[in-house]
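Structure file target-v9.csv with CSV, C-alpha atoms and all ligand atoms:
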chain,number,residue,atom,x,y,z
A,1,MET,CA,-4.8,-10.8,-19.2
A,2,ILE,CA,-3.0,-11.4,-16.0
A,3,ASN,CA,-2.5,-14.6,-14.0
A,4,TYR,CA,-3.4,-15.0,-10.3
A,5,ASN,CA,0.1,-14.8,-9.1
A,6,SER,CA,1.0,-11.6,-10.9
A,7,LEU,CA,-2.2,-10.0,-9.7
A,8,VAL,CA,-1.4,-10.9,-6.1
A,9,LYS,CA,2.1,-9.4,-6.5
A,10,LYS,CA,0.8,-6.3,-8.2
A,11,TRP,CA,-1.9,-5.5,-5.6
A,12,ALA,CA,0.3,-6.4,-2.7
A,13,ALA,CA,2.8,-3.8,-3.8
A,14,GLU,CA,0.0,-1.2,-3.6
A,15,LEU,CA,-0.8,-2.0,0.0
A,16,GLU,CA,1.9,0.3,1.4
A,17,LEU,CA,0.7,0.1,5.0
A,18,TYR,CA,1.7,-3.6,5.2
A,19,GLU,CA,4.9,-5.6,5.0
A,20,LEU,CA,5.0,-7.6,1.8
A,21,PRO,CA,4.2,-11.1,3.1
A,22,GLU,CA,1.2,-9.8,5.0
A,23,ALA,CA,0.1,-7.7,2.0
A,24,GLN,CA,0.1,-10.9,-0.2
A,25,ASN,CA,-1.9,-12.8,2.3
A,26,LEU,CA,-4.5,-10.1,2.5
A,27,VAL,CA,-4.8,-9.9,-1.3
A,28,GLU,CA,-5.1,-13.7,-1.5
A,29,TRP,CA,-7.8,-13.6,1.2
A,30,LEU,CA,-9.8,-11.0,-0.7
A,31,LEU,CA,-9.5,-12.9,-4.0
A,32,GLU,CA,-10.6,-16.1,-2.3
A,33,GLN,CA,-13.7,-14.4,-0.8
A,34,HIS,CA,-14.7,-12.6,-4.0
A,35,LEU,CA,-13.7,-15.0,-6.8
A,36,GLY,CA,-13.3,-18.3,-4.9
A,37,LEU,CA,-9.7,-18.4,-6.1
A,38,ARG,CA,-6.9,-19.8,-4.0
A,39,ARG,CA,-3.2,-20.0,-4.3
A,40,VAL,CA,-3.6,-23.4,-6.0
A,41,ASP,CA,-5.3,-21.5,-8.9
A,42,MET,CA,-2.0,-19.8,-9.6
A,43,MET,CA,-2.2,-20.5,-13.3
A,44,ASN,CA,-5.7,-19.1,-13.7
A,45,PHE,CA,-5.7,-16.2,-16.0
A,46,LEU,CA,-7.9,-13.2,-15.2
A,47,GLU,CA,-9.1,-10.3,-17.3
A,48,GLU,CA,-8.5,-7.4,-15.0
A,49,LYS,CA,-11.3,-5.4,-16.6
A,50,ASP,CA,-13.7,-8.1,-15.8
A,51,LEU,CA,-13.0,-8.1,-12.0
A,52,PRO,CA,-16.2,-7.4,-10.1
A,53,LYS,CA,-16.7,-3.9,-8.8
A,54,SER,CA,-17.2,-5.2,-5.3
A,55,LEU,CA,-13.7,-6.7,-5.3
A,56,LEU,CA,-12.2,-3.4,-6.6
A,57,ASP,CA,-14.1,-1.4,-3.9
A,58,ASP,CA,-12.9,-3.7,-1.2
A,59,PHE,CA,-9.3,-3.4,-2.4
A,60,GLU,CA,-9.6,0.4,-2.2
A,61,ARG,CA,-10.7,0.0,1.4
A,62,LEU,CA,-7.8,-2.3,2.2
A,63,LYS,CA,-5.4,0.2,0.7
A,64,LYS,CA,-6.7,2.9,3.1
A,65,GLY,CA,-5.9,0.6,6.1
A,66,GLU,CA,-9.3,-0.8,6.9
A,67,PRO,CA,-8.8,-4.3,8.4
A,68,ILE,CA,-9.8,-7.1,6.0
A,69,GLN,CA,-12.1,-8.6,8.7
A,70,GLN,CA,-14.2,-5.5,8.9
A,71,ILE,CA,-14.3,-5.2,5.1
A,72,LEU,CA,-15.6,-8.7,4.8
A,73,GLY,CA,-17.6,-8.4,8.0
A,74,LYS,CA,-16.3,-11.6,9.5
A,75,ALA,CA,-13.3,-13.1,11.2
A,76,PRO,CA,-12.1,-16.6,12.0
A,77,PHE,CA,-11.9,-17.7,15.6
A,78,TYR,CA,-11.2,-21.2,16.9
A,79,GLY,CA,-12.3,-22.8,13.6
A,80,ARG,CA,-15.5,-20.8,13.2
A,81,GLU,CA,-16.5,-17.6,11.5
A,82,PHE,CA,-17.7,-14.7,13.7
A,83,GLN,CA,-19.5,-11.5,12.4
A,84,VAL,CA,-17.5,-8.4,13.3
A,85,SER,CA,-18.4,-4.7,13.0
A,86,ARG,CA,-16.8,-1.3,13.7
A,87,ASP,CA,-18.2,-1.7,17.2
A,88,THR,CA,-16.4,-4.9,18.1
A,89,LEU,CA,-12.8,-5.8,18.5
A,90,ILE,CA,-11.6,-8.2,15.8
A,91,PRO,CA,-10.9,-11.5,17.6
A,92,ARG,CA,-7.2,-12.2,18.0
A,93,ASN,CA,-5.1,-15.4,17.9
A,94,GLU,CA,-3.9,-14.7,21.5
A,95,THR,CA,-7.5,-14.9,22.7
A,96,GLU,CA,-7.8,-18.3,20.9
A,97,GLU,CA,-5.0,-19.4,23.2
A,98,LEU,CA,-6.8,-18.2,26.3
A,99,VAL,CA,-10.0,-20.0,25.2
A,100,HIS,CA,-7.9,-23.1,24.5
A,101,LEU,CA,-6.3,-23.0,28.0
A,102,ILE,CA,-9.8,-22.8,29.6
A,103,ILE,CA,-11.1,-25.7,27.6
A,104,LYS,CA,-8.1,-27.9,28.3
A,105,GLU,CA,-8.0,-27.2,32.0
A,106,ASN,CA,-11.8,-27.6,32.7
A,107,PRO,CA,-13.1,-30.9,31.3
A,108,GLN,CA,-16.0,-31.1,33.8
A,109,SER,CA,-19.6,-30.6,32.5
A,110,GLY,CA,-22.2,-28.1,33.6
A,111,LEU,CA,-19.8,-25.2,34.5
A,112,LYS,CA,-21.1,-21.7,35.0
A,113,ILE,CA,-19.0,-19.2,33.1
A,114,LEU,CA,-19.0,-15.4,32.7
A,115,ASP,CA,-17.0,-13.5,30.1
A,116,ILE,CA,-16.6,-9.8,30.9
A,117,GLY,CA,-16.2,-7.5,27.9
A,118,THR,CA,-17.4,-10.0,25.4
A,119,GLY,CA,-17.3,-8.0,22.1
A,120,THR,CA,-18.2,-10.4,19.3
A,121,GLY,CA,-19.0,-13.1,21.9
A,122,CYS,CA,-16.1,-15.2,20.5
A,123,ILE,CA,-15.1,-16.3,24.0
A,124,PRO,CA,-18.4,-17.5,25.5
A,125,ILE,CA,-19.7,-18.9,22.2
A,126,THR,CA,-16.6,-21.0,21.7
A,127,LEU,CA,-16.7,-22.1,25.4
A,128,PHE,CA,-20.3,-23.1,25.0
A,129,LEU,CA,-19.7,-25.1,21.8
A,130,GLU,CA,-16.4,-26.8,23.0
A,131,MET,CA,-17.3,-27.6,26.6
A,132,ASN,CA,-19.8,-29.9,28.0
A,133,GLU,CA,-23.2,-28.4,28.9
A,134,ALA,CA,-21.7,-25.1,30.1
A,135,GLU,CA,-24.0,-22.3,31.3
A,136,VAL,CA,-22.5,-19.3,29.6
A,137,TYR,CA,-22.9,-15.5,30.0
A,138,GLY,CA,-21.3,-12.7,28.0
A,139,LEU,CA,-21.3,-9.1,29.3
A,140,ASP,CA,-20.5,-5.8,27.6
A,141,VAL,CA,-21.0,-2.1,28.1
A,142,SER,CA,-21.5,-1.6,24.4
A,143,GLU,CA,-25.0,-2.3,23.2
A,144,SER,CA,-23.9,-2.5,19.6
A,145,ALA,CA,-21.2,-5.0,20.4
A,146,LEU,CA,-23.8,-7.1,22.3
A,147,ALA,CA,-26.1,-7.1,19.3
A,148,ILE,CA,-23.3,-8.6,17.3
A,149,ALA,CA,-22.6,-11.2,20.0
A,150,HIS,CA,-26.2,-12.1,20.1
A,151,LYS,CA,-26.3,-12.6,16.3
A,152,ASN,CA,-23.1,-14.7,16.4
A,153,ALA,CA,-24.6,-16.9,19.2
A,154,GLU,CA,-27.8,-17.4,17.1
A,155,GLU,CA,-25.9,-18.1,13.9
A,156,LEU,CA,-23.5,-20.6,15.6
A,157,LYS,CA,-26.3,-22.1,17.6
A,158,ALA,CA,-24.7,-21.4,21.0
A,159,LYS,CA,-26.8,-20.6,24.1
A,160,VAL,CA,-25.2,-17.5,25.5
A,161,HIS,CA,-27.0,-15.1,27.8
A,162,CYS,CA,-26.0,-11.5,26.9
A,163,ILE,CA,-25.9,-8.9,29.7
A,164,HIS,CA,-25.6,-5.2,29.2
A,165,LEU,CA,-23.6,-3.7,32.0
A,166,ASP,CA,-20.8,-1.3,32.9
A,167,ILE,CA,-18.6,-3.2,35.2
A,168,LEU,CA,-16.8,-0.1,36.3
A,169,GLU,CA,-20.0,1.3,37.7
A,170,GLU,CA,-22.3,-1.6,38.5
A,171,GLU,CA,-22.2,-4.9,40.4
A,172,LEU,CA,-22.5,-8.2,38.7
A,173,PRO,CA,-26.0,-9.5,38.4
A,174,ILE,CA,-24.9,-13.2,38.7
A,175,GLY,CA,-22.8,-15.2,41.0
A,176,ASP,CA,-21.9,-18.8,41.9
A,177,LEU,CA,-19.5,-18.9,38.9
A,178,ASP,CA,-17.0,-21.7,38.2
A,179,ILE,CA,-15.1,-19.6,35.8
A,180,LEU,CA,-14.7,-15.8,35.2
A,181,VAL,CA,-12.8,-14.9,32.1
A,182,SER,CA,-12.0,-11.5,30.6
A,183,ASN,CA,-9.9,-10.0,27.8
A,184,PRO,CA,-10.5,-6.4,29.0
A,185,PRO,CA,-9.2,-3.1,27.4
A,186,TYR,CA,-5.5,-3.1,28.4
A,187,ILE,CA,-3.5,-0.8,26.1
A,188,PRO,CA,-2.2,2.4,27.9
A,189,GLU,CA,-3.1,5.5,25.9
A,190,LYS,CA,0.6,6.2,25.4
A,191,GLY,CA,0.8,3.0,23.3
A,192,LYS,CA,-1.3,4.6,20.6
A,193,GLU,CA,1.8,6.2,19.0
A,194,LYS,CA,3.2,2.8,18.2
A,195,MET,CA,0.0,1.3,16.9
A,196,HIS,CA,-0.8,0.4,13.3
A,197,ARG,CA,-3.3,2.7,11.6
A,198,ASN,CA,-5.6,-0.1,10.8
A,199,VAL,CA,-6.2,-0.8,14.5
A,200,LEU,CA,-6.2,2.9,15.6
A,201,ASP,CA,-8.6,4.2,13.0
A,202,PHE,CA,-10.9,1.3,12.6
A,203,GLU,CA,-11.3,-0.6,15.9
A,204,PRO,CA,-13.4,0.7,18.8
A,205,GLN,CA,-11.3,2.7,21.3
A,206,LEU,CA,-13.7,1.5,24.1
A,207,ALA,CA,-12.4,-2.0,23.5
A,208,LEU,CA,-8.7,-1.1,23.6
A,209,PHE,CA,-7.5,1.7,25.8
A,210,VAL,CA,-6.9,2.4,29.5
A,211,PRO,CA,-5.6,5.5,31.1
A,212,ASP,CA,-1.8,5.7,31.4
A,213,GLU,CA,-2.0,6.3,35.1
A,214,ASN,CA,-4.2,3.3,35.8
A,215,PRO,CA,-3.4,0.5,33.3
A,216,LEU,CA,-4.8,-2.2,35.7
A,217,LEU,CA,-8.1,-0.5,36.0
A,218,PHE,CA,-10.2,-3.4,34.6
A,219,TYR,CA,-8.1,-6.2,36.2
A,220,ARG,CA,-8.5,-4.7,39.7
A,221,ARG,CA,-12.2,-4.2,39.3
A,222,ILE,CA,-12.9,-7.6,37.7
A,223,ALA,CA,-10.8,-9.4,40.3
A,224,ILE,CA,-12.7,-7.6,43.1
A,225,LEU,CA,-16.0,-8.5,41.5
A,226,GLY,CA,-14.7,-12.1,41.1
A,227,LYS,CA,-14.1,-12.5,44.8
A,228,LYS,CA,-17.8,-12.3,45.4
A,229,ALA,CA,-19.1,-13.8,42.1
A,230,LEU,CA,-16.8,-16.9,41.9
A,231,LYS,CA,-17.5,-20.0,43.9
A,232,PRO,CA,-14.9,-21.1,46.4
A,233,LYS,CA,-12.1,-22.6,44.2
A,234,GLY,CA,-13.7,-20.9,41.2
A,235,LYS,CA,-11.1,-19.8,38.5
A,236,LEU,CA,-10.3,-16.4,37.1
A,237,TYR,CA,-8.7,-16.2,33.6
A,238,PHE,CA,-7.3,-13.0,32.1
A,239,GLU,CA,-5.7,-12.0,28.8
A,240,ILE,CA,-3.1,-9.4,29.6
A,241,HIS,CA,-0.7,-6.9,28.1
A,242,GLU,CA,2.7,-8.5,27.8
A,243,ASP,CA,4.3,-5.7,30.0
A,244,TYR,CA,1.9,-6.3,33.0
A,245,GLY,CA,2.2,-10.0,33.8
A,246,LYS,CA,4.0,-9.5,37.2
A,247,ASP,CA,1.7,-6.5,38.1
A,248,VAL,CA,-1.5,-8.5,37.4
A,249,GLN,CA,-0.1,-11.5,39.3
A,250,ASN,CA,0.8,-9.4,42.3
A,251,LEU,CA,-2.6,-7.7,42.2
A,252,LEU,CA,-4.4,-11.2,42.3
A,253,PHE,CA,-2.1,-12.4,45.2
A,254,ASP,CA,-2.9,-9.1,47.1
A,255,LEU,CA,-6.6,-9.6,46.6
A,256,GLY,CA,-6.4,-13.1,48.1
A,257,TYR,CA,-6.4,-15.3,45.0
A,258,SER,CA,-4.2,-18.5,45.1
A,259,GLU,CA,-2.3,-20.5,42.5
A,260,VAL,CA,-1.8,-17.3,40.5
A,261,GLU,CA,0.3,-18.0,37.3
A,262,ILE,CA,1.5,-16.1,34.3
A,263,ILE,CA,1.2,-18.0,31.1
A,264,PRO,CA,3.1,-17.0,27.9
A,265,ASP,CA,1.5,-17.1,24.4
A,266,LEU,CA,2.9,-19.0,21.4
A,267,ASN,CA,5.3,-16.1,20.7
A,268,GLY,CA,6.7,-16.4,24.2
A,269,LYS,CA,5.1,-13.2,25.5
A,270,ASP,CA,3.4,-13.0,28.9
A,271,ARG,CA,-0.2,-13.1,27.8
A,272,MET,CA,-2.5,-14.8,30.3
A,273,VAL,CA,-2.8,-14.8,34.1
A,274,LYS,CA,-5.0,-17.3,36.0
A,275,GLY,CA,-5.8,-17.6,39.6
A,276,LYS,CA,-8.2,-19.4,42.0
A,277,ASN,CA,-10.6,-17.9,44.5
A,278,LEU,CA,-10.0,-19.2,48.0
B,301,LIG,C1,-10.4,-6.1,24.3
B,301,LIG,S1,-12.1,-6.1,24.0
B,301,LIG,C2,-12.4,-7.9,24.1
B,301,LIG,C3,-13.5,-8.3,23.1
B,301,LIG,C4,-13.7,-9.9,23.0
B,301,LIG,N1,-13.8,-10.5,24.4
B,301,LIG,C5,-12.4,-10.5,22.4
B,301,LIG,O1,-11.6,-11.0,23.1
B,301,LIG,O2,-12.3,-10.4,21.2
B,301,LIG,C6,-12.8,-5.5,25.5
B,301,LIG,C7,-14.3,-5.4,25.5
B,301,LIG,O3,-14.7,-4.8,26.8
B,301,LIG,C8,-15.8,-3.9,26.6
B,301,LIG,N2,-15.8,-2.9,27.7
B,301,LIG,C9,-15.1,-1.8,27.8
B,301,LIG,N3,-15.4,-1.1,28.9
B,301,LIG,C10,-16.3,-1.8,29.6
B,301,LIG,C11,-17.0,-1.7,30.8
B,301,LIG,N4,-16.8,-0.6,31.6
B,301,LIG,N5,-17.9,-2.6,31.2
B,301,LIG,C12,-18.1,-3.7,30.4
B,301,LIG,N6,-17.5,-3.9,29.2
B,301,LIG,C13,-16.6,-3.0,28.8
B,301,LIG,C14,-15.6,-3.3,25.2
B,301,LIG,O4,-16.8,-2.8,24.7
B,301,LIG,C15,-15.0,-4.5,24.5
B,301,LIG,O5,-16.0,-5.2,23.8
Hey, can you dump this file as structure tokens for me?
Ligand SMILES: C[S@@+](CC[C@H](N)C(=O)[O-])C[C@H]1O[C@@H](n2cnc3c(N)ncnc32)[C@H](O)[C@@H]1O
Amino acid sequence: MINYNSLVKKWAAELELYELPEAQNLVEWLLEQHLGLRRVDMMNFLEEKDLPKSLLDDFERLKKGEPIQQILGKAPFYGREFQVSRDTLIPRNETEELVHLIIKENPQSGLKILDIGTGTGCIPITLFLEMNEAEVYGLDVSESALAIAHKNAEELKAKVHCIHLDILEEELPIGDLDILVSNPPYIPEKGKEKMHRNVLDFEPQLALFVPDENPLLFYRRIAILGKKALKPKGKLYFEIHEDYGKDVQNLLFDLGYSEVEIIPDLNGKDRMVKGKNL
């Protein structure tokens, strides 16, 4: 017999890839999903030999560094659950901040919005559900990511039009936009060395990396497309790599955007850039 607390501690110690507090959170998350147990059940006693095989299998995957969201097939975002797969980026807290900024700054109804590089569809789905009668589009080059975005939109009852397109090669099929948003790939290849194995081995490279010699590749292309696709005074919102705030800001000024601002995330790191079409 072992109690909940001791099991959390024992298993957390086995998750060598994580710092202890994070390891404990992950084990608690797994136990909650499989057994419905929470921290408040600390005094519950468990028979280790009776733990379900599915829980033990998932724990083995966790030990190998697979992200818990992929093991469970879902991730929280802005108070809802989104399906994720090996083909989609796991939605991040920083992206919740970007979405929150857009919702806060745009209370009007009926806005036309496009998200470029939509992954799970977390951005357009949340904007549709949180804003008033928005007309929302999500675009991605990955068909398998789009299939997940489509499922999420259905599951969460959000009307999101999914578009399959390579923005580096093709023109945008829609225009007259009030808002263009993107969290594009932005990590230079050289950043791979510093990255945690659970990101590197399990998340899609297509969603993450840009060539070292051209880190602003997506920002430049999207901002150029935005000049044509946005209405006059239409707004562009980017999530950015913390090291490139000034560079993205200068790029937008050079391309003729106005009111270009860098906005930090809750950790104080440069994380968003916004601008207005003339
Ligand atoms: C950083 S992920 C963002 C995913 C999601 N929007 C989020 O914030 O969680 C970038 C996305 O851009 C997509 N992508 C990469 N290259 C692209 C391209 N050339 N055209 C369109 N989408 C692309 C990837 O498939 C991936 O889904």
I want to know what sits within 6 Å of region 111-122 of chain A, based on all atoms listed in the file, with residues of the same chain fewer than 4 positions away left out; could you give that as a short mmCIF file (atom, residue, chain, number, x, y, z; two decimals) with C-alpha atoms, in the frame of the given file?
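Now in around.cif:
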data_model
loop_
_atom_site.label_atom_id
_atom_site.label_comp_id
_atom_site.auth_asym_id
_atom_site.auth_seq_id
_atom_site.Cartn_x
_atom_site.Cartn_y
_atom_site.Cartn_z
CA THR A 88 -16.40 -4.90 18.10
CA THR A 126 -16.60 -21.00 21.70
CA ALA A 134 -21.70 -25.10 30.10
CA GLU A 135 -24.00 -22.30 31.30
CA VAL A 136 -22.50 -19.30 29.60
CA TYR A 137 -22.90 -15.50 30.00
CA GLY A 138 -21.30 -12.70 28.00
CA LEU A 139 -21.30 -9.10 29.30
CA ASP A 140 -20.50 -5.80 27.60
CA ALA A 145 -21.20 -5.00 20.40
CA ILE A 148 -23.30 -8.60 17.30
CA ALA A 149 -22.60 -11.20 20.00
CA LEU A 177 -19.50 -18.90 38.90
CA ASP A 178 -17.00 -21.70 38.20
CA ILE A 179 -15.10 -19.60 35.80
CA LEU A 180 -14.70 -15.80 35.20
CA VAL A 181 -12.80 -14.90 32.10
CA SER A 182 -12.00 -11.50 30.60
CA PRO A 184 -10.50 -6.40 29.00
#
Residues near Pro264 (chain A), cut-off 10 Å, all atoms listed in the file, skip fewer than 3 positions along chain, as number ranges by chain: A: 94, 97, 240, 242, 245, 261, 267-273
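The gap separating CA of Val160 (chain A) from atom O5 of ligand LIG 301 (chain B) is 15.5 Å, in Å to one decimal.
Interatomic distance, CA of Pro173 (chain A) to CA of Ala207 (chain A): 21.5 Å.
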*Interatomic distance, CA of Gly234 (chain A) to CA of Tyr186 (chain A) (Å, one decimal)*: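 Here the two named atoms are 23.4 Å from each other.
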Give me the region 25-50 of chain A side of the contact with region 12-15 of chain A, cut-off 12 Å, one line per residue showing its nearest atom pair and distance in Å at one decimal, counting only C-alpha atoms, sorted by chain and residue number, as a Markdown table.
| residue | atom | partner | partner_atom | distance |
| --- | --- | --- | --- | --- |
| A:Asn25 | CA | A:Ala12 | CA | 8.4 |
| A:Leu26 | CA | A:Ala12 | CA | 8.0 |
| A:Val27 | CA | A:Ala12 | CA | 6.3 |
| A:Glu28 | CA | A:Ala12 | CA | 9.2 |
| A:Trp29 | CA | A:Ala12 | CA | 11.5 |
| A:Leu30 | CA | A:Ala12 | CA | 11.3 |
| A:Leu31 | CA | A:Ala12 | CA | 11.8 |
Counting all atoms listed in the file, the residue among A:Asp247, A:Lys274, A:Leu101, A:Val84 that lies closest to ligand LIG 301 (chain B) is A:Val84
Neighbouring residues of Asp41 (chain A) were defined as those with any atom within 9 Å, considering all atoms listed in the file; residues of the same chain fewer than 4 positions away were excluded. Please report them as an mmCIF file with C-alpha atoms, in the coordinates of the input.
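The file below, part.cif, is the result:
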data_model
loop_
_atom_site.group_PDB
_atom_site.id
_atom_site.type_symbol
_atom_site.label_atom_id
_atom_site.label_comp_id
_atom_site.auth_asym_id
_atom_site.auth_seq_id
_atom_site.Cartn_x
_atom_site.Cartn_y
_atom_site.Cartn_z
ATOM 1 C CA TYR A 4 -3.400 -15.000 -10.300
ATOM 2 C CA ASN A 5 0.100 -14.800 -9.100
ATOM 3 C CA LEU A 37 -9.700 -18.400 -6.100
ATOM 4 C CA PHE A 45 -5.700 -16.200 -16.000
#
Among A:Leu208, A:Val8, A:Ala75, A:Glu19, Phe59 (chain A) is approached most closely, using only C-alpha atoms, by A:Val8
Within 12 Å of Glu169 (chain A), counting only C-alpha atoms, which residues qualify if same-chain residues fewer than 4 places away don't, as a PDB file with C-alpha atoms, in the frame of the given file?
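Output contents, as saved in selection_8.pdb:
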ATOM      1  CA  VAL A 141     -21.000  -2.100  28.100  1.00  0.00           C
ATOM      2  CA  LEU A 165     -23.600  -3.700  32.000  1.00  0.00           C
ATOM      3  CA  PHE A 218     -10.200  -3.400  34.600  1.00  0.00           C
ATOM      4  CA  ARG A 221     -12.200  -4.200  39.300  1.00  0.00           C
ATOM      5  CA  ILE A 222     -12.900  -7.600  37.700  1.00  0.00           C
ATOM      6  CA  LEU A 225     -16.000  -8.500  41.500  1.00  0.00           C
TER       7      LEU A 225
END
Exercise. With all atoms listed in the file as the atoms that count, which of A:Glu133, A:Glu143, A:Asp201, A:Asp166 lies nearest to ligand LIG 301 (chain B)?
Worked result: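 Smallest separation from ligand LIG 301 (chain B) among the options: A:Asp166.
Between ligand LIG 301 (chain B) and the residues A:Asn93, A:Asn214, A:Ser6, A:Asn132, the shortest atom-to-atom distance, using only C-alpha atoms and all ligand atoms, involves A:Asn93.
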Requested in this report: Would you mind telling me which residue in A:Pro76, A:Pro204, A:Gly275, A:Pro232 lies nearest to Ser142 (chain A) when using all atoms listed in the file?
Outcome: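 Under the stated criterion, the closest residue is A:Pro204.
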| request: Take the point (2.5, -8.5, 40.1) in the file's coordinates, draw a sphere of radius 12 Å around it, and report as a PyMOL selection string every protein, DNA or RNA residue with an atom inside or on it, counting all atoms listed in the file. | output: chain A and resi 216+219-220+240+243-255+260-262+273
- Message: I'd like the neighbourhood of Leu278 (chain A) as a PyMOL selection string, where a residue qualifies if any of its atoms comes within 7 Å (using only C-alpha atoms), though same-chain residues fewer than 6 positions away should be ignored.
- Response: chain A and resi 232-233+257-258
Just C-alpha atoms for this one: save the residues we selected as a PDB file, in the coordinates of the input.
ATOM      1  CA  PRO A 232     -14.900 -21.100  46.400  1.00  0.00           C
ATOM      2  CA  LYS A 233     -12.100 -22.600  44.200  1.00  0.00           C
ATOM      3  CA  TYR A 257      -6.400 -15.300  45.000  1.00  0.00           C
ATOM      4  CA  SER A 258      -4.200 -18.500  45.100  1.00  0.00           C
TER       5      SER A 258
END
I need the residue nearest Lys9 (chain A) from this list: A:Lys49, A:Glu22, A:Pro67, A:Glu189. Use only C-alpha atoms for the distance.
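Ranked by minimum distance to Lys9 (chain A), first place goes to A:Glu22.
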